[in-house]
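Trainee: What follows is the file my_file.cif, containing mmCIF, C-alpha atoms:
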data_upload
loop_
_atom_site.label_atom_id
_atom_site.label_comp_id
_atom_site.auth_asym_id
_atom_site.auth_seq_id
_atom_site.Cartn_x
_atom_site.Cartn_y
_atom_site.Cartn_z
CA MET K 1136 111.76 83.92 97.39
CA THR K 1137 109.34 84.02 94.49
CA GLN K 1138 106.07 85.67 95.41
CA ARG K 1139 102.80 86.09 93.53
CA ILE K 1140 101.95 89.79 93.58
CA VAL K 1141 98.70 91.46 92.50
CA VAL K 1142 99.12 95.16 91.66
CA LYS K 1143 96.04 97.36 91.30
CA ILE K 1144 96.43 100.64 89.39
CA GLY K 1145 93.56 103.13 89.31
CA SER K 1146 92.44 105.51 86.59
CA SER K 1147 93.97 108.59 88.21
CA SER K 1148 97.39 106.90 88.20
CA LEU K 1149 97.25 106.24 84.44
CA THR K 1150 95.54 109.28 82.93
CA SER K 1151 95.82 113.03 82.77
CA ASP K 1152 93.63 115.20 84.99
CA THR K 1153 91.10 115.67 82.21
CA GLY K 1154 91.06 112.08 80.94
CA GLY K 1155 93.03 110.25 78.26
CA LEU K 1156 96.00 107.98 78.85
CA ASN K 1157 99.32 109.37 79.97
CA PRO K 1158 101.96 107.25 78.15
CA ASP K 1159 104.71 108.31 80.56
CA LYS K 1160 102.75 106.98 83.54
CA ILE K 1161 102.11 103.65 81.83
CA ARG K 1162 105.78 103.30 80.89
CA PHE K 1163 106.71 104.06 84.51
CA PHE K 1164 104.47 101.31 85.91
CA ALA K 1165 105.69 98.86 83.29
CA SER K 1166 109.27 99.49 84.40
CA GLU K 1167 108.29 99.00 88.05
CA VAL K 1168 106.57 95.70 87.29
CA ALA K 1169 109.54 94.65 85.15
CA GLN K 1170 111.76 95.16 88.21
CA LEU K 1171 109.51 92.89 90.27
CA LYS K 1172 109.73 90.21 87.58
CA GLN K 1173 113.51 90.63 87.45
CA ASP K 1174 113.51 90.01 91.21
CA GLY K 1175 111.79 86.67 90.50
CA HIS K 1176 108.18 87.51 91.33
CA GLN K 1177 105.04 86.63 89.38
CA VAL K 1178 102.93 89.74 88.80
CA LEU K 1179 99.30 90.31 87.86
CA LEU K 1180 97.95 93.77 87.09
CA VAL K 1181 94.39 94.78 87.90
CA THR K 1182 93.89 97.99 85.98
CA SER K 1183 91.26 100.66 85.69
CA GLY K 1184 91.36 103.30 83.01
CA ALA K 1185 89.28 102.02 80.08
CA VAL K 1186 86.45 104.53 80.49
CA ALA K 1187 88.88 107.34 81.35
CA ALA K 1188 91.00 106.49 78.31
CA GLY K 1189 88.07 106.33 75.92
CA PHE K 1190 85.65 109.08 76.74
CA THR K 1191 87.69 111.89 75.23
CA SER K 1192 87.97 109.95 71.95
CA LEU K 1193 84.16 109.90 71.76
CA GLY K 1194 83.91 113.63 72.22
CA TYR K 1195 82.66 113.67 75.82
CA ARG K 1196 83.94 116.67 77.74
CA THR K 1197 83.84 114.86 81.09
CA ARG K 1198 83.64 111.25 82.22
CA PRO K 1199 80.14 110.02 81.23
CA LYS K 1200 77.68 108.96 83.92
CA VAL K 1201 74.99 107.22 81.82
CA LEU K 1202 75.56 103.46 81.58
CA HIS K 1203 75.53 103.07 77.78
CA GLU K 1204 77.85 106.07 77.39
CA LYS K 1205 80.31 104.60 79.90
CA GLN K 1206 80.17 101.26 78.10
CA ALA K 1207 80.84 102.92 74.75
CA ALA K 1208 83.80 104.77 76.27
CA ALA K 1209 85.09 101.52 77.75
CA ALA K 1210 84.84 99.76 74.37
CA VAL K 1211 87.10 102.40 72.82
CA GLY K 1212 89.32 102.88 75.84
CA GLN K 1213 90.06 99.21 76.56
CA ALA K 1214 91.76 98.84 73.17
CA LEU K 1215 93.81 101.99 73.78
CA LEU K 1216 94.71 100.81 77.27
CA MET K 1217 95.96 97.40 76.15
CA GLN K 1218 97.88 98.88 73.23
CA ALA K 1219 99.66 101.22 75.64
CA TYR K 1220 100.47 98.39 78.06
CA HIS K 1221 101.66 96.15 75.23
CA GLU K 1222 104.08 98.76 73.93
CA ALA K 1223 105.34 99.70 77.41
CA PHE K 1224 106.02 96.11 78.50
CA ALA K 1225 107.46 95.08 75.12
CA SER K 1226 110.36 97.47 75.72
CA HIS K 1227 111.28 95.21 78.67
CA GLY K 1228 110.82 92.00 76.70
CA ILE K 1229 107.62 91.13 78.59
CA SER K 1230 104.40 89.87 77.01
CA VAL K 1231 101.01 90.86 78.41
CA ALA K 1232 97.55 89.25 78.23
CA GLN K 1233 94.11 90.82 78.53
CA ILE K 1234 91.55 89.24 80.88
CA LEU K 1235 88.14 90.91 81.16
CA LEU K 1236 85.89 89.75 83.98
CA THR K 1237 82.42 90.45 85.34
CA ARG K 1238 80.92 89.53 88.69
CA TYR K 1239 78.96 86.81 86.90
CA ASP K 1240 82.26 85.15 85.98
CA PHE K 1241 83.09 84.96 89.68
CA SER K 1242 79.59 83.85 90.72
CA ASN K 1243 79.83 80.77 88.46
CA ARG K 1244 82.20 78.22 90.01
CA LYS K 1245 83.20 76.64 86.68
CA ARG K 1246 83.94 80.00 85.08
CA VAL K 1247 86.05 81.22 87.98
CA GLN K 1248 87.97 77.93 88.02
CA ASN K 1249 88.66 78.29 84.28
CA ALA K 1250 89.85 81.87 84.83
CA LEU K 1251 92.26 80.64 87.52
CA MET K 1252 93.67 77.94 85.22
CA THR K 1253 94.23 80.54 82.49
CA VAL K 1254 96.01 82.90 84.88
CA ASP K 1255 98.22 80.10 86.20
CA GLU K 1256 99.26 79.14 82.68
CA LEU K 1257 100.07 82.74 81.74
CA LEU K 1258 102.18 83.22 84.85
CA GLN K 1259 104.05 79.98 84.21
CA ARG K 1260 104.85 81.32 80.72
CA GLY K 1261 106.22 84.58 82.12
CA VAL K 1262 103.30 86.67 80.85
CA VAL K 1263 101.78 89.53 82.86
CA PRO K 1264 97.97 89.10 82.99
CA ILE K 1265 96.24 92.48 82.83
CA ILE K 1266 92.79 92.21 84.38
CA ASN K 1267 89.93 94.68 84.12
CA GLU K 1268 86.20 94.60 84.61
CA ASN K 1269 84.37 94.01 81.34
CA ASP K 1270 82.63 97.40 81.49
CA THR K 1271 81.18 97.02 77.99
CA VAL K 1272 78.80 94.23 79.06
CA ALA K 1273 78.56 94.56 82.86
CA VAL K 1274 75.24 95.82 84.21
CA ASP K 1275 75.00 98.03 87.27
CA GLU K 1276 73.50 95.43 89.60
CA LEU K 1277 76.33 92.98 88.84
CA LYS K 1278 79.25 95.42 88.73
CA PHE K 1279 82.11 95.21 91.20
CA GLY K 1280 81.57 98.90 91.89
CA ASP K 1281 85.27 99.65 91.50
CA ASN K 1282 88.40 97.73 90.67
CA ASP K 1283 89.60 97.82 94.27
CA THR K 1284 87.07 95.08 95.00
CA LEU K 1285 88.07 93.23 91.83
CA SER K 1286 91.73 93.30 92.87
CA ALA K 1287 90.91 91.79 96.27
CA LEU K 1288 88.88 89.00 94.67
CA VAL K 1289 91.68 88.32 92.19
CA GLY K 1290 94.24 88.32 95.01
CA ASN K 1291 92.22 85.73 96.90
CA LEU K 1292 91.59 83.65 93.78
CA VAL K 1293 95.26 83.31 92.79
CA LYS K 1294 96.39 82.94 96.44
CA ALA K 1295 98.60 86.01 96.15
CA ASN K 1296 101.36 86.65 98.65
CA LYS K 1297 100.58 90.37 98.55
CA LEU K 1298 98.03 92.79 97.10
CA ILE K 1299 99.43 96.22 96.26
CA ILE K 1300 96.74 98.90 95.81
CA ILE K 1301 98.25 102.05 94.35
CA THR K 1302 96.62 105.36 95.22
CA ASP K 1303 97.50 109.06 95.22
CA MET K 1304 97.83 109.04 99.02
CA ASP K 1305 100.79 107.60 100.91
CA GLY K 1306 98.56 105.41 103.03
CA LEU K 1307 95.58 105.70 105.37
CA TYR K 1308 95.46 108.67 107.73
CA THR K 1309 93.41 109.44 110.82
CA ASP K 1310 91.99 112.39 108.86
CA ASP K 1311 92.46 113.99 105.45
CA PRO K 1312 96.07 115.30 105.58
CA ARG K 1313 95.25 117.79 102.83
CA LYS K 1314 92.84 119.52 105.22
CA ASN K 1315 94.19 118.63 108.67
CA ALA K 1316 97.90 119.15 109.37
CA ASN K 1317 97.58 117.02 112.52
CA ALA K 1318 96.41 113.94 110.64
CA GLN K 1319 98.63 110.93 111.34
CA ARG K 1320 99.43 108.10 108.96
CA ILE K 1321 98.57 104.60 110.10
CA ASP K 1322 101.56 102.44 109.22
CA ARG K 1323 100.20 98.97 110.06
CA VAL K 1324 96.74 97.50 110.54
CA ASP K 1325 96.02 94.08 112.06
CA ALA K 1326 92.21 94.29 112.08
CA ILE K 1327 89.76 96.60 110.32
CA SER K 1328 87.40 98.29 112.76
CA ASP K 1329 84.47 100.67 112.31
CA GLU K 1330 86.79 103.47 113.46
CA LEU K 1331 89.22 102.63 110.68
CA PHE K 1332 86.44 102.87 108.11
CA SER K 1333 85.51 106.28 109.52
CA PHE K 1334 88.98 107.56 108.60
CA ALA K 1335 88.40 106.82 104.90
CA GLY K 1336 86.60 109.34 102.71
CA GLY K 1337 85.14 109.45 99.19
CA SER K 1338 86.68 109.45 95.73
CA GLY K 1339 89.51 111.92 95.32
CA SER K 1340 89.63 112.08 91.54
CA ALA K 1341 87.31 113.16 88.74
CA VAL K 1342 88.45 110.28 86.51
CA GLY K 1343 88.25 107.46 89.06
CA THR K 1344 85.48 105.76 91.02
CA GLY K 1345 87.21 104.41 94.12
CA GLY K 1346 88.15 106.44 97.20
CA MET K 1347 90.10 105.33 100.26
CA ARG K 1348 87.01 103.73 101.76
CA SER K 1349 86.69 101.30 98.85
CA LYS K 1350 90.38 100.44 99.23
CA VAL K 1351 89.96 99.67 102.93
CA GLU K 1352 86.95 97.50 102.08
CA ALA K 1353 89.08 95.71 99.47
CA ALA K 1354 91.76 95.17 102.12
CA ARG K 1355 89.14 93.62 104.40
CA ILE K 1356 88.10 91.16 101.66
CA ALA K 1357 91.70 90.25 100.86
CA MET K 1358 92.63 89.80 104.53
CA ARG K 1359 89.66 87.45 105.04
CA GLY K 1360 91.11 85.39 102.20
CA GLY K 1361 94.57 85.32 103.76
CA VAL K 1362 96.19 87.96 101.53
CA PRO K 1363 98.21 90.85 103.12
CA VAL K 1364 97.63 94.27 101.55
CA PHE K 1365 99.58 97.47 100.96
CA ILE K 1366 97.73 100.70 100.17
CA GLY K 1367 99.95 103.59 99.20
CA ARG K 1368 101.81 105.71 96.72
CA VAL K 1369 104.07 104.58 93.87
CA LEU K 1370 105.53 107.64 92.17
CA GLU K 1371 109.30 107.22 91.97
CA PRO K 1372 111.52 104.44 90.57
CA GLY K 1373 111.81 101.64 93.11
CA ASP K 1374 108.60 102.52 94.96
CA LEU K 1375 106.79 99.35 93.83
CA PRO K 1376 109.59 96.95 94.88
CA HIS K 1377 109.76 98.82 98.20
CA ALA K 1378 105.99 98.34 98.64
CA VAL K 1379 106.51 94.61 98.14
CA ASP K 1380 109.51 94.28 100.48
CA GLY K 1381 107.80 96.11 103.35
CA SER K 1382 109.38 99.57 103.11
CA GLY K 1383 106.77 101.26 100.93
CA LYS K 1384 105.15 104.67 101.26
CA GLY K 1385 101.81 103.63 102.64
CA THR K 1386 99.82 101.47 105.05
CA TYR K 1387 100.29 97.71 105.47
CA PHE K 1388 97.32 95.51 106.33
CA ASP K 1389 98.48 92.25 107.91
CA THR K 1390 96.56 89.01 108.31
CA VAL K 1391 97.19 85.84 110.28
CA LEU K 1392 94.61 83.90 108.24
CA ASN K 1393 95.56 81.33 105.62
CA ASN K 1394 94.48 81.39 101.98
CA LEU K 1395 90.95 80.08 101.54
CA PRO K 1396 90.28 77.10 99.25
CA VAL K 1397 88.63 78.12 95.97
CA LYS K 1398 85.29 76.65 97.04
CA LYS K 1399 85.21 78.71 100.24
CA GLN K 1400 86.25 81.80 98.29
CA TRP K 1401 83.29 81.24 96.01
CA VAL K 1402 80.92 80.84 98.96
CA GLY K 1403 82.26 83.86 100.83
CA PHE K 1404 82.96 86.41 98.11
CA HIS K 1405 81.75 85.39 94.66
CA SER K 1406 78.38 83.66 95.07
CA LEU K 1407 75.03 85.43 94.86
CA PRO K 1408 73.18 84.71 98.14
CA GLN K 1409 69.58 83.55 97.75
CA GLY K 1410 68.38 84.46 101.23
CA GLN K 1411 69.20 85.27 104.83
CA ILE K 1412 69.15 83.42 108.14
CA ILE K 1413 69.04 85.31 111.44
CA VAL K 1414 70.72 83.72 114.47
CA ASP K 1415 70.82 84.38 118.22
CA GLN K 1416 73.87 85.28 120.31
CA GLY K 1417 74.69 81.66 121.14
CA ALA K 1418 74.75 80.61 117.49
CA LYS K 1419 76.78 83.70 116.60
CA ALA K 1420 79.45 82.74 119.13
CA ALA K 1421 79.43 79.11 117.97
CA LEU K 1422 79.92 80.13 114.33
CA LEU K 1423 82.52 82.85 114.84
CA SER K 1424 84.51 81.54 117.82
CA GLY K 1425 83.60 77.93 118.41
CA GLY K 1426 84.20 76.44 114.96
CA LYS K 1427 80.72 74.88 115.10
CA SER K 1428 78.03 74.21 112.52
CA LEU K 1429 74.75 76.14 112.52
CA LEU K 1430 71.96 74.13 114.14
CA PRO K 1431 68.22 74.96 114.10
CA ALA K 1432 68.16 75.78 117.83
CA GLY K 1433 70.16 78.97 117.27
CA ILE K 1434 68.00 80.33 114.45
CA THR K 1435 65.41 83.05 115.06
CA GLY K 1436 64.18 83.60 111.48
CA ALA K 1437 64.84 83.52 107.74
CA ALA K 1438 64.11 85.52 104.60
CA GLY K 1439 64.18 84.71 100.90
CA ASP K 1440 63.25 81.71 98.79
CA PHE K 1441 66.26 79.42 99.00
CA HIS K 1442 66.73 75.68 98.55
CA PRO K 1443 69.26 73.08 99.74
CA GLY K 1444 72.63 73.80 98.11
CA ASP K 1445 72.06 77.55 97.81
CA VAL K 1446 74.31 80.12 99.46
CA VAL K 1447 72.71 82.26 102.16
CA GLU K 1448 73.87 85.12 104.36
CA VAL K 1449 73.82 84.69 108.12
CA LEU K 1450 72.92 87.78 110.15
CA SER K 1451 72.95 88.58 113.85
CA ILE K 1452 69.76 89.67 115.60
CA GLU K 1453 71.02 93.25 115.18
CA GLY K 1454 71.25 92.76 111.42
CA ALA K 1455 75.06 92.59 111.15
CA LEU K 1456 76.46 90.27 108.47
CA LEU K 1457 78.31 87.39 110.12
CA GLY K 1458 79.15 85.28 107.07
CA ARG K 1459 77.86 83.07 104.29
CA GLY K 1460 77.30 79.37 103.96
CA VAL K 1461 75.79 76.62 101.84
CA VAL K 1462 72.40 75.78 103.34
CA ASN K 1463 71.08 72.23 103.73
CA TYR K 1464 67.47 73.31 104.26
CA ALA K 1465 64.84 75.00 102.12
CA ALA K 1466 63.56 78.34 103.40
CA TRP K 1467 60.29 76.84 104.65
CA GLN K 1468 62.20 74.12 106.50
CA VAL K 1469 64.35 76.72 108.28
CA GLN K 1470 61.22 78.61 109.30
CA ALA K 1471 59.63 75.41 110.60
CA ALA K 1472 62.74 74.28 112.50
CA ALA K 1473 63.87 77.66 113.89
CA GLY K 1474 64.54 77.49 117.61
CA LEU K 1475 63.86 73.77 117.92
CA SER K 1476 66.15 71.18 119.48
CA THR K 1477 67.69 68.48 117.33
CA ASP K 1478 65.20 65.88 118.63
CA GLU K 1479 62.23 68.13 117.86
CA VAL K 1480 63.49 68.88 114.34
CA GLN K 1481 63.85 65.19 113.57
CA LYS K 1482 60.26 64.62 114.69
CA ARG K 1483 58.72 67.53 112.76
CA VAL K 1484 60.81 68.19 109.62
CA GLU K 1485 62.27 65.73 107.14
CA VAL K 1486 65.79 66.91 106.30
CA ALA K 1487 68.85 65.16 104.87
CA ARG K 1488 71.14 66.35 107.69
CA ILE K 1489 70.53 68.15 110.94
CA GLU K 1490 73.06 70.98 110.38
CA VAL K 1491 71.44 73.93 108.64
CA ILE K 1492 74.94 75.03 107.56
CA HIS K 1493 77.87 72.68 108.13
CA ARG K 1494 81.08 74.31 109.37
CA ASP K 1495 82.93 73.02 106.28
CA GLU K 1496 80.48 75.02 104.12
CA TRP K 1497 80.73 78.20 106.23
CA VAL K 1498 82.81 81.37 105.68
CA PRO K 1499 82.85 84.07 108.40
CA LEU K 1500 82.90 87.64 107.07
CA THR K 1501 83.10 89.72 110.22
#
For the structure just supplied, provide its representation as structure tokens.

Mentor:
Amino acid sequence: MTQRIVVKIGSSSLTSDTGGLNPDKIRFFASEVAQLKQDGHQVLLVTSGAVAAGFTSLGYRTRPKVLHEKQAAAAVGQALLMQAYHEAFASHGISVAQILLTRYDFSNRKRVQNALMTVDELLQRGVVPIINENDTVAVDELKFGDNDTLSALVGNLVKANKLIIITDMDGLYTDDPRKNANAQRIDRVDAISDELFSFAGGSGSAVGTGGMRSKVEAARIAMRGGVPVFIGRVLEPGDLPHAVDGSGKGTYFDTVLNNLPVKKQWVGFHSLPQGQIIVDQGAKAALLSGGKSLLPAGITGAAGDFHPGDVVEVLSIEGALLGRGVVNYAAWQVQAAAGLSTDEVQKRVEVARIEVIHRDEWVPLT
């Protein structure tokens, strides 16, 4: 059965230990992807490596840390990266396409819809889209942070059947197996708990930015969007097809959720929230378990300067993020209506609809 597969490859999987592209590694991944395509699958690559590929060409001894230096390295490295991918895939008769994205592209509903239409057309034409963050123009406050997050957002956007995140570890362990011989690999995960996050550490490579923790966070985002995830190692021929068919060297993250519509994806993962609403325990249960809308009676407070139609975060009294939704009230109206019954709200505040957030405009994130 044809599946749509998103494959994320990090910098450390594409470069030498000191930086610069490793052509043999790129040729290896191209052959693995070619096998997936031969098996009938549609494949998208989310790749890191532009900064790592470019910084040595600019004379930097180590990966730069200053923003404009990283952007200069990315400008050089992105061209080198795409040239290497083009040559590697051409040997298999496969064309590739470059797509550079920023978080702003995702936060704008029209732009993200256009990106999806472009990707769909490329896949229909048998092309492998190669997606990277546009490091040359992205600013720190709008960056994805690492391409693990980008791969999860792309997986949700294209309604992927699987997200494969390649790392130098063969899955998630209960502790660092390089330091603790008793560490045990976790083969399957149905839900991501705080304990699971505690097993993940920091970045393991000098040329990359994402450690296991960022990969588990990416898995959480993808699972919320209905996309199963594999995090593990792809080193030998056949490893990538095995990761797709369920026999890979790593950890599988399963989900029983269905793919989210594009609008709900935008609300939950791509939009830039304009404020926060704090709710009591009853409203929390109604939103997360009862399939209900958020009414004023369950609200204890609000923060920010938002207006009807904006996206806001909904927090518990303890400050935990519960989800996001499109608000029907302005911030001052929420403050005025907080804790009031429906009858009291209708007497005191003029609003278009009584629901502060309708359940159809709500995305849980816990």

Trainee: Between K:Ala1353, K:Ala1318, K:Ala1287, K:Ala1169, which is the closest to Ala1223 in chain K once you count all atoms listed in the file?

Mentor: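 The shortest atom-to-atom distance to Ala1223 in chain K comes from K:Ala1169.
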
Trainee: With a distance cut-off of 12 Å and all atoms listed in the file, select the neighbouring residues of Ser1451 in chain K, excluding the residue or stretch itself and same-chain residues fewer than 2 positions from it, and output the selection as a CSV table (one decimal) with C-alpha atoms, in the frame of the given file.

Mentor:
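Written out: part.csv:
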chain,number,residue,atom,x,y,z
K,1411,GLN,CA,69.2,85.3,104.8
K,1412,ILE,CA,69.2,83.4,108.1
K,1413,ILE,CA,69.0,85.3,111.4
K,1414,VAL,CA,70.7,83.7,114.5
K,1415,ASP,CA,70.8,84.4,118.2
K,1416,GLN,CA,73.9,85.3,120.3
K,1417,GLY,CA,74.7,81.7,121.1
K,1418,ALA,CA,74.8,80.6,117.5
K,1419,LYS,CA,76.8,83.7,116.6
K,1420,ALA,CA,79.4,82.7,119.1
K,1422,LEU,CA,79.9,80.1,114.3
K,1423,LEU,CA,82.5,82.8,114.8
K,1433,GLY,CA,70.2,79.0,117.3
K,1434,ILE,CA,68.0,80.3,114.4
K,1435,THR,CA,65.4,83.0,115.1
K,1436,GLY,CA,64.2,83.6,111.5
K,1437,ALA,CA,64.8,83.5,107.7
K,1448,GLU,CA,73.9,85.1,104.4
K,1449,VAL,CA,73.8,84.7,108.1
K,1453,GLU,CA,71.0,93.2,115.2
K,1454,GLY,CA,71.2,92.8,111.4
K,1455,ALA,CA,75.1,92.6,111.2
K,1456,LEU,CA,76.5,90.3,108.5
K,1457,LEU,CA,78.3,87.4,110.1
K,1458,GLY,CA,79.2,85.3,107.1
K,1501,THR,CA,83.1,89.7,110.2

Trainee: Evaluating the PyMOL selection byres ((chain K and resi 1165) around 12) on the displayed file yields which residues, as a JSON list (two decimals) with C-alpha atoms, keeping the file's coordinate frame?

Mentor:
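Ended up saving to out_28.json:
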[["chain", "number", "residue", "atom", "x", "y", "z"],
["K", 1142, "VAL", "CA", 99.12, 95.16, 91.66],
["K", 1144, "ILE", "CA", 96.43, 100.64, 89.39],
["K", 1149, "LEU", "CA", 97.25, 106.24, 84.44],
["K", 1158, "PRO", "CA", 101.96, 107.25, 78.15],
["K", 1159, "ASP", "CA", 104.71, 108.31, 80.56],
["K", 1160, "LYS", "CA", 102.75, 106.98, 83.54],
["K", 1161, "ILE", "CA", 102.11, 103.65, 81.83],
["K", 1162, "ARG", "CA", 105.78, 103.30, 80.89],
["K", 1163, "PHE", "CA", 106.71, 104.06, 84.51],
["K", 1164, "PHE", "CA", 104.47, 101.31, 85.91],
["K", 1166, "SER", "CA", 109.27, 99.49, 84.40],
["K", 1167, "GLU", "CA", 108.29, 99.00, 88.05],
["K", 1168, "VAL", "CA", 106.57, 95.70, 87.29],
["K", 1169, "ALA", "CA", 109.54, 94.65, 85.15],
["K", 1170, "GLN", "CA", 111.76, 95.16, 88.21],
["K", 1171, "LEU", "CA", 109.51, 92.89, 90.27],
["K", 1172, "LYS", "CA", 109.73, 90.21, 87.58],
["K", 1178, "VAL", "CA", 102.93, 89.74, 88.80],
["K", 1179, "LEU", "CA", 99.30, 90.31, 87.86],
["K", 1180, "LEU", "CA", 97.95, 93.77, 87.09],
["K", 1219, "ALA", "CA", 99.66, 101.22, 75.64],
["K", 1220, "TYR", "CA", 100.47, 98.39, 78.06],
["K", 1221, "HIS", "CA", 101.66, 96.15, 75.23],
["K", 1222, "GLU", "CA", 104.08, 98.76, 73.93],
["K", 1223, "ALA", "CA", 105.34, 99.70, 77.41],
["K", 1224, "PHE", "CA", 106.02, 96.11, 78.50],
["K", 1225, "ALA", "CA", 107.46, 95.08, 75.12],
["K", 1226, "SER", "CA", 110.36, 97.47, 75.72],
["K", 1227, "HIS", "CA", 111.28, 95.21, 78.67],
["K", 1228, "GLY", "CA", 110.82, 92.00, 76.70],
["K", 1229, "ILE", "CA", 107.62, 91.13, 78.59],
["K", 1230, "SER", "CA", 104.40, 89.87, 77.01],
["K", 1231, "VAL", "CA", 101.01, 90.86, 78.41],
["K", 1263, "VAL", "CA", 101.78, 89.53, 82.86],
["K", 1265, "ILE", "CA", 96.24, 92.48, 82.83],
["K", 1372, "PRO", "CA", 111.52, 104.44, 90.57],
["K", 1373, "GLY", "CA", 111.81, 101.64, 93.11],
["K", 1375, "LEU", "CA", 106.79, 99.35, 93.83]]

Trainee: For Gly1403 in chain K, find every residue with an atom within 8 Å (counting all atoms listed in the file), except residues of its own chain fewer than 2 positions away, and show them as a PyMOL selection string.

Mentor: chain K and resi 1399-1401+1405-1406+1458-1460+1497-1500

Trainee: Any chance you can output those residues with C-alpha atoms as a tab-separated table (two decimals), keeping the file's coordinate frame?

Mentor:
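Below is the file that was written, selection.tsv:
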chain	number	residue	atom	x	y	z
K	1399	LYS	CA	85.21	78.71	100.24
K	1400	GLN	CA	86.25	81.80	98.29
K	1401	TRP	CA	83.29	81.24	96.01
K	1405	HIS	CA	81.75	85.39	94.66
K	1406	SER	CA	78.38	83.66	95.07
K	1458	GLY	CA	79.15	85.28	107.07
K	1459	ARG	CA	77.86	83.07	104.29
K	1460	GLY	CA	77.30	79.37	103.96
K	1497	TRP	CA	80.73	78.20	106.23
K	1498	VAL	CA	82.81	81.37	105.68
K	1499	PRO	CA	82.85	84.07	108.40
K	1500	LEU	CA	82.90	87.64	107.07

Trainee: Just say which residues the PyMOL selection byres ((chain K and resi 1361) around 8) picks in this file, as a list in words.

Mentor: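 Taken on the displayed file, the PyMOL selection byres ((chain K and resi 1361) around 8) yields the residues Asn1291, Lys1294, Ala1357, Met1358, Arg1359, Gly1360, Val1362, Pro1363, Thr1390, Val1391, Leu1392, Asn1393, Asn1394 and Leu1395 of chain K.
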
Trainee: Listing only residues of range 1202-1305 of chain K within 10 Å of range 1191-1197 of chain K, what is the closest atom pair and its distance in Å (to one decimal) for each, using only C-alpha atoms, sorted by chain and residue number ascending, as JSON lines?

Mentor:
{"residue": "K:Glu1204", "atom": "CA", "partner": "K:Tyr1195", "partner_atom": "CA", "distance": 9.1}
{"residue": "K:Ala1207", "atom": "CA", "partner": "K:Leu1193", "partner_atom": "CA", "distance": 8.3}
{"residue": "K:Ala1208", "atom": "CA", "partner": "K:Leu1193", "partner_atom": "CA", "distance": 6.8}
{"residue": "K:Val1211", "atom": "CA", "partner": "K:Ser1192", "partner_atom": "CA", "distance": 7.6}
{"residue": "K:Gly1212", "atom": "CA", "partner": "K:Ser1192", "partner_atom": "CA", "distance": 8.2}

Trainee: For the residues in the current selection, export C-alpha atoms as a compact mmCIF listing (two decimals), in the coordinates of the input.

Mentor:
# COMPACT_ATOMS: atom_id res chain seq x y z
CA GLU K 1204 77.85 106.07 77.39
CA ALA K 1207 80.84 102.92 74.75
CA ALA K 1208 83.80 104.77 76.27
CA VAL K 1211 87.10 102.40 72.82
CA GLY K 1212 89.32 102.88 75.84

Trainee: Can you list, as a list in words, the residues that the PyMOL selection byres ((chain K and resi 1380) around 12) selects here?

Mentor: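 Output of the PyMOL selection byres ((chain K and resi 1380) around 12): Met1136, Thr1137, Gln1138, Ile1140, Leu1171, Asp1174, His1176, Asn1296, Lys1297, Ile1299, Val1364, Phe1365, Gly1373, Asp1374, Leu1375, Pro1376, His1377, Ala1378, Val1379, Gly1381, Ser1382, Gly1383, Lys1384 and Tyr1387 of chain K.
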
Trainee: So which one's closest to Tyr1239 in chain K, K:Ile1366, K:Leu1407, K:Ala1210, K:Ile1321? Using only C-alpha atoms, please.

Mentor: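 Closest candidate: K:Leu1407.
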
Trainee: Which one of K:Lys1427, K:Arg1139, K:Arg1244, K:Arg1238 sits closest to Val1293 in chain K if you count only C-alpha atoms?

Mentor: K:Arg1139

Trainee: In Å, how far is it from CA of Val1461 in chain K to CA of Ile1492 in chain K?

Mentor: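 Computing it gives 6.0 Å between the two atoms.
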
Trainee: What separation in Å, quoted to one decimal, exists between CA of Asn1269 in chain K and CA of Val1369 in chain K?

Mentor: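 Here the two named atoms are 25.6 Å from each other.
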
Trainee: What is the distance between CA of Asn1243 in chain K and CA of Ser1428 in chain K, in Å to one decimal?

Mentor: 25.0 Å

Trainee: Which is closer to Met1347 in chain K than all the others in K:Ala1466, K:Val1486, K:Val1289, K:Leu1331, using only C-alpha atoms?

Mentor: K:Leu1331

Trainee: Rank nothing, just name the residue among K:Leu1430, K:Met1217, K:Ala1316, K:Ile1452 nearest to Arg1488 in chain K, using only C-alpha atoms.

Mentor: K:Leu1430

Trainee: Report as a PyMOL selection string all protein, DNA and RNA residues lying within 9 Å of Glu1490 in chain K, evaluated on only C-alpha atoms, omitting residues in the same chain fewer than 5 positions from it.

Mentor: chain K and resi 1428-1431+1462-1464

Trainee: For Tyr1308 in chain K, list every protein, DNA or RNA residue within 12 Å, evaluated using all atoms listed in the file, and leave out those in the same chain fewer than 3 positions away; present the list as an MDAnalysis selection string.

Mentor: chainID K and resid 1304:1305 1311:1324 1330:1336 1347:1348 1351 1366:1367 1385:1386

Trainee: From the structure block, carefully write range 1460-1464 of chain K out with N, CA and C atoms; format it as a short mmCIF file (atom, residue, chain, number, x, y, z; two decimals), in the first residue's frame.

Mentor:
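Generated output (decode_10.cif):
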data_model
loop_
_atom_site.label_atom_id
_atom_site.label_comp_id
_atom_site.auth_asym_id
_atom_site.auth_seq_id
_atom_site.Cartn_x
_atom_site.Cartn_y
_atom_site.Cartn_z
N GLY K 1460 -7.18 27.60 20.97
CA GLY K 1460 -8.44 27.73 20.28
C GLY K 1460 -8.64 29.13 19.74
N VAL K 1461 -9.60 29.26 18.82
CA VAL K 1461 -9.96 30.56 18.27
C VAL K 1461 -11.00 31.18 19.20
N VAL K 1462 -10.70 32.35 19.73
CA VAL K 1462 -11.54 32.97 20.75
C VAL K 1462 -12.62 33.84 20.10
N ASN K 1463 -13.80 33.84 20.70
CA ASN K 1463 -14.91 34.65 20.21
C ASN K 1463 -15.07 35.96 20.98
N TYR K 1464 -14.27 36.14 22.03
CA TYR K 1464 -14.35 37.32 22.87
C TYR K 1464 -13.05 38.12 22.75
#
